[in-house]
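Colleague: I'd like to ask some things about the structure below.
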Amino acid sequence: ETQEAKGETHYATATFKYTHVINSQSVESLPAHVLDVRILHRFGPISSGLYNFFGLDYSPFNVKVGFDYGISDNFMIGGAHSGYNKTYDAFFKWRILQQSTGVHNAPISLSFVPTVAISTLKPEQIDPAVKPPTTEIRRTSYVLQILMARKFSEGFALQLMPSFIHADNISFF
């Protein structure tokens with residue numbers, strides 16, 4: 001007897017093993033009432049040699065601390081702070097559709113992820129080598145993503161991530 005005949009729906013699970021794929025979001029969400037604390041490290045160039053321990057001790061701003069929380073099985077929120085440009089960011093992830101077979105047949109998983117990031121770096125802290133020639137610097141950025149993924153087998157999944165990125169310029173007085 002088929003799943004449809006039994007009135008069942010089988011949902012794809014663990015399309016990816018985590019809520020992130022490298023530095024990007026995945027279609028996976030945290031379960032309800034689960035808090036995930038992450039400490040991330042940004043590496044520098046290996047060519048920096050022993051002085052910077054081959055990129056592991058590259059700069060004073062290479063750590064990011066983040067907190068993600070599952071509000072429900074299909075909705076999560078998160079926030080983080082990075083020493084790089086003294087950046088704070090926040091996002092939510094809403095799983096709109098989960099890949100399934102049976103009574104409810106969905107060929108893909110689909111999630112919506114808007115993110116906002118704000119740099120709190122003071123103007124005098126900006127490296128002169130990267131400071132714009134005007135008194136404006138980019139402070140706020142917004143990213144809107146639609147994540148589309150399909151799990152083809154236990155060992156292979158594919159995700160497309162169309163994204164809209166916007167960065168503001170804020171003037172200093």
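FYI, nothing fancy with the structure tokens labels: chains A, B, ... in order, residues from 1 per chain, ligands from 1 as they appear.
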Using only C-alpha atoms, what table do you get, as JSON lines, when you list each residue of stretch 9-48 of chain A with an atom no more than 8 Å from stretch 83-96 of chain A, its nearest pair of atoms, and their distance in Å rounded to one decimal, rows by chain then rising number?

Modeller:
{"residue": "A:Val27", "atom": "CA", "partner": "A:Arg95", "partner_atom": "CA", "distance": 7.1}
{"residue": "A:Glu28", "atom": "CA", "partner": "A:Arg95", "partner_atom": "CA", "distance": 8.0}
{"residue": "A:Ser29", "atom": "CA", "partner": "A:Arg95", "partner_atom": "CA", "distance": 7.3}

Colleague: Considering only C-alpha atoms, state which residue in the set A:Ser163, A:Thr101, A:Ser47, A:Thr115 is at the smallest distance from A:Tyr11.

Modeller: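 Looking only at the distances to A:Tyr11, the closest residue turns out to be A:Thr101.
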
Colleague: Taking only C-alpha atoms into account, which of A:Gly7, A:Ile146, A:Asn62, A:Ala167 comes nearest A:Leu110?

Modeller: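 Ranked by minimum distance to A:Leu110, first place goes to A:Ile146.
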
Colleague: Select, from A:Ser82, A:Ile165, A:Ser72, A:Thr13, the residue with the minimum atom-to-atom distance to A:Gln145, counting only C-alpha atoms.

Modeller: A:Ile165

Colleague: With a distance cut-off of 6 Å and only C-alpha atoms, select the neighbouring residues of A:Lys64, excluding the residue or stretch itself and same-chain residues fewer than 2 positions from it, and output the selection as a VMD selection string.

Modeller: chain A and resid 39 to 40 81 to 82

Colleague: Please report, as a ChimeraX atom specification, each residue of chain A to which DSSP assigns strand (DSSP E) when run on this structure's backbone.

Modeller: /A:9-11,20-21,24-25,35-41,63-72,75-82,87-97,100-102,109-119,136-153,156-160,163-171

Colleague: Please identify which residues in chain A DSSP calls helix (DSSP H, G or I) from the backbone, and express them as a PDB file with N, CA, C and O atoms, in the first residue's frame.

Modeller:
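Printed below is states05.pdb as written:
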ATOM      1  N   GLN A   3       1.942   5.416   0.379  1.00  0.00           N
ATOM      2  CA  GLN A   3       1.749   6.431   1.422  1.00  0.00           C
ATOM      3  C   GLN A   3       0.456   7.206   1.187  1.00  0.00           C
ATOM      4  O   GLN A   3      -0.252   7.549   2.121  1.00  0.00           O
ATOM      5  N   GLU A   4       0.158   7.488  -0.094  1.00  0.00           N
ATOM      6  CA  GLU A   4      -1.065   8.232  -0.414  1.00  0.00           C
ATOM      7  C   GLU A   4      -2.294   7.440   0.003  1.00  0.00           C
ATOM      8  O   GLU A   4      -3.235   7.985   0.567  1.00  0.00           O
ATOM      9  N   ALA A   5      -2.296   6.140  -0.285  1.00  0.00           N
ATOM     10  CA  ALA A   5      -3.437   5.304   0.073  1.00  0.00           C
ATOM     11  C   ALA A   5      -3.610   5.227   1.590  1.00  0.00           C
ATOM     12  O   ALA A   5      -4.720   5.135   2.090  1.00  0.00           O
ATOM     13  N   LYS A   6      -2.504   5.280   2.323  1.00  0.00           N
ATOM     14  CA  LYS A   6      -2.564   5.241   3.781  1.00  0.00           C
ATOM     15  C   LYS A   6      -2.888   6.613   4.376  1.00  0.00           C
ATOM     16  O   LYS A   6      -3.095   6.740   5.575  1.00  0.00           O
ATOM     17  N   ILE A  46      47.232  32.204   4.672  1.00  0.00           N
ATOM     18  CA  ILE A  46      48.283  31.278   5.115  1.00  0.00           C
ATOM     19  C   ILE A  46      49.651  31.897   4.876  1.00  0.00           C
ATOM     20  O   ILE A  46      50.586  31.681   5.652  1.00  0.00           O
ATOM     21  N   SER A  47      49.756  32.716   3.830  1.00  0.00           N
ATOM     22  CA  SER A  47      51.038  33.337   3.482  1.00  0.00           C
ATOM     23  C   SER A  47      51.535  34.314   4.536  1.00  0.00           C
ATOM     24  O   SER A  47      52.673  34.776   4.457  1.00  0.00           O
ATOM     25  N   SER A  48      50.718  34.627   5.559  1.00  0.00           N
ATOM     26  CA  SER A  48      51.174  35.541   6.612  1.00  0.00           C
ATOM     27  C   SER A  48      52.259  34.909   7.479  1.00  0.00           C
ATOM     28  O   SER A  48      52.862  35.579   8.310  1.00  0.00           O
ATOM     29  N   LEU A  50      54.514  32.466  10.108  1.00  0.00           N
ATOM     30  CA  LEU A  50      54.507  32.130  11.519  1.00  0.00           C
ATOM     31  C   LEU A  50      54.057  33.300  12.395  1.00  0.00           C
ATOM     32  O   LEU A  50      53.444  33.100  13.428  1.00  0.00           O
ATOM     33  N   TYR A  51      54.335  34.541  11.946  1.00  0.00           N
ATOM     34  CA  TYR A  51      53.975  35.713  12.738  1.00  0.00           C
ATOM     35  C   TYR A  51      52.483  35.724  13.070  1.00  0.00           C
ATOM     36  O   TYR A  51      52.088  36.027  14.188  1.00  0.00           O
ATOM     37  N   ASN A  52      51.635  35.392  12.107  1.00  0.00           N
ATOM     38  CA  ASN A  52      50.187  35.301  12.326  1.00  0.00           C
ATOM     39  C   ASN A  52      49.718  33.855  12.405  1.00  0.00           C
ATOM     40  O   ASN A  52      48.556  33.556  12.160  1.00  0.00           O
ATOM     41  N   PHE A  53      50.636  32.969  12.745  1.00  0.00           N
ATOM     42  CA  PHE A  53      50.373  31.541  12.887  1.00  0.00           C
ATOM     43  C   PHE A  53      49.626  31.006  11.669  1.00  0.00           C
ATOM     44  O   PHE A  53      48.623  30.336  11.771  1.00  0.00           O
ATOM     45  N   PHE A  54      50.157  31.347  10.512  1.00  0.00           N
ATOM     46  CA  PHE A  54      49.649  30.881   9.219  1.00  0.00           C
ATOM     47  C   PHE A  54      48.153  31.155   9.049  1.00  0.00           C
ATOM     48  O   PHE A  54      47.393  30.334   8.564  1.00  0.00           O
ATOM     49  N   GLY A  55      47.731  32.357   9.456  1.00  0.00           N
ATOM     50  CA  GLY A  55      46.351  32.789   9.260  1.00  0.00           C
ATOM     51  C   GLY A  55      45.418  32.539  10.424  1.00  0.00           C
ATOM     52  O   GLY A  55      44.306  33.057  10.452  1.00  0.00           O
ATOM     53  N   TYR A  84      34.771  42.025  13.388  1.00  0.00           N
ATOM     54  CA  TYR A  84      35.076  42.633  12.093  1.00  0.00           C
ATOM     55  C   TYR A  84      34.114  43.787  11.848  1.00  0.00           C
ATOM     56  O   TYR A  84      32.905  43.605  11.750  1.00  0.00           O
ATOM     57  N   ASN A  85      34.626  44.985  11.789  1.00  0.00           N
ATOM     58  CA  ASN A  85      33.841  46.219  11.641  1.00  0.00           C
ATOM     59  C   ASN A  85      32.806  46.401  12.750  1.00  0.00           C
ATOM     60  O   ASN A  85      31.835  47.129  12.582  1.00  0.00           O
ATOM     61  N   LYS A  86      32.995  45.711  13.881  1.00  0.00           N
ATOM     62  CA  LYS A  86      32.062  45.812  15.008  1.00  0.00           C
ATOM     63  C   LYS A  86      30.624  45.648  14.514  1.00  0.00           C
ATOM     64  O   LYS A  86      29.759  46.485  14.745  1.00  0.00           O
ATOM     65  N   PRO A 123      34.180  56.270  12.976  1.00  0.00           N
ATOM     66  CA  PRO A 123      34.913  56.767  11.797  1.00  0.00           C
ATOM     67  C   PRO A 123      36.425  56.790  11.984  1.00  0.00           C
ATOM     68  O   PRO A 123      37.166  56.464  11.063  1.00  0.00           O
ATOM     69  N   GLU A 124      36.887  57.126  13.167  1.00  0.00           N
ATOM     70  CA  GLU A 124      38.334  57.195  13.388  1.00  0.00           C
ATOM     71  C   GLU A 124      38.987  55.818  13.459  1.00  0.00           C
ATOM     72  O   GLU A 124      40.205  55.698  13.397  1.00  0.00           O
ATOM     73  N   GLN A 125      38.175  54.764  13.554  1.00  0.00           N
ATOM     74  CA  GLN A 125      38.707  53.403  13.609  1.00  0.00           C
ATOM     75  C   GLN A 125      38.847  52.769  12.229  1.00  0.00           C
ATOM     76  O   GLN A 125      39.415  51.690  12.107  1.00  0.00           O
TER      77      GLN A 125
END

Colleague: Rounded to one decimal in Å, what is the spacing between atom CA of A:Phe152 and atom CA of A:Gln99?

Modeller: 10.5 Å

Colleague: Tell me which protein, DNA and RNA residues are within 7 Å of A:Leu160, counting only C-alpha atoms, leaving out same-chain ones fewer than 3 positions away, and put them as a ChimeraX atom specification.

Modeller: /A:147-149

Colleague: What does the file look like for those residues with all heavy atoms, as a PDB file, in the first residue's frame?

Modeller:
ATOM      1  N   LEU A 147      15.701  30.344  -0.264  1.00  0.00           N
ATOM      2  CA  LEU A 147      16.515  29.132  -0.320  1.00  0.00           C
ATOM      3  C   LEU A 147      15.661  27.997  -0.866  1.00  0.00           C
ATOM      4  O   LEU A 147      14.588  27.702  -0.321  1.00  0.00           O
ATOM      5  CB  LEU A 147      17.037  28.766   1.073  1.00  0.00           C
ATOM      6  CG  LEU A 147      17.717  29.881   1.861  1.00  0.00           C
ATOM      7  CD1 LEU A 147      18.108  29.383   3.247  1.00  0.00           C
ATOM      8  CD2 LEU A 147      18.905  30.414   1.120  1.00  0.00           C
ATOM      9  N   MET A 148      16.116  27.393  -1.945  1.00  0.00           N
ATOM     10  CA  MET A 148      15.401  26.275  -2.567  1.00  0.00           C
ATOM     11  C   MET A 148      16.334  25.073  -2.587  1.00  0.00           C
ATOM     12  O   MET A 148      17.437  25.168  -3.117  1.00  0.00           O
ATOM     13  CB  MET A 148      15.002  26.632  -3.993  1.00  0.00           C
ATOM     14  CG  MET A 148      14.054  27.813  -4.075  1.00  0.00           C
ATOM     15  SD  MET A 148      13.704  28.305  -5.769  1.00  0.00           S
ATOM     16  CE  MET A 148      15.198  29.223  -6.142  1.00  0.00           C
ATOM     17  N   ALA A 149      15.891  23.966  -2.001  1.00  0.00           N
ATOM     18  CA  ALA A 149      16.761  22.791  -1.939  1.00  0.00           C
ATOM     19  C   ALA A 149      15.974  21.523  -2.226  1.00  0.00           C
ATOM     20  O   ALA A 149      14.772  21.446  -1.979  1.00  0.00           O
ATOM     21  CB  ALA A 149      17.416  22.693  -0.564  1.00  0.00           C
TER      22      ALA A 149
END

Colleague: One decimal, in Å: what's the spacing between atom CA of A:Ser24 and atom CA of A:Asn105?

Modeller: 27.0 Å

Colleague: Measuring atom to atom with only C-alpha atoms, identify which of A:Gly78, A:Pro162, A:Gly70, A:Pro114 is nearest to A:Leu144.

Modeller: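 Under the stated criterion, the closest residue is A:Pro114.
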
Colleague: Which of these, A:Asn74, A:Ser26, A:Ser100, A:Ser111, has the shortest distance to A:His10 once you count only C-alpha atoms?

Modeller: A:Ser100

Colleague: Looking at only C-alpha atoms, which of A:Asp68, A:Asp57, A:Arg42, A:Val37 is the one that sits closest to A:Ile22?

Modeller: A:Arg42
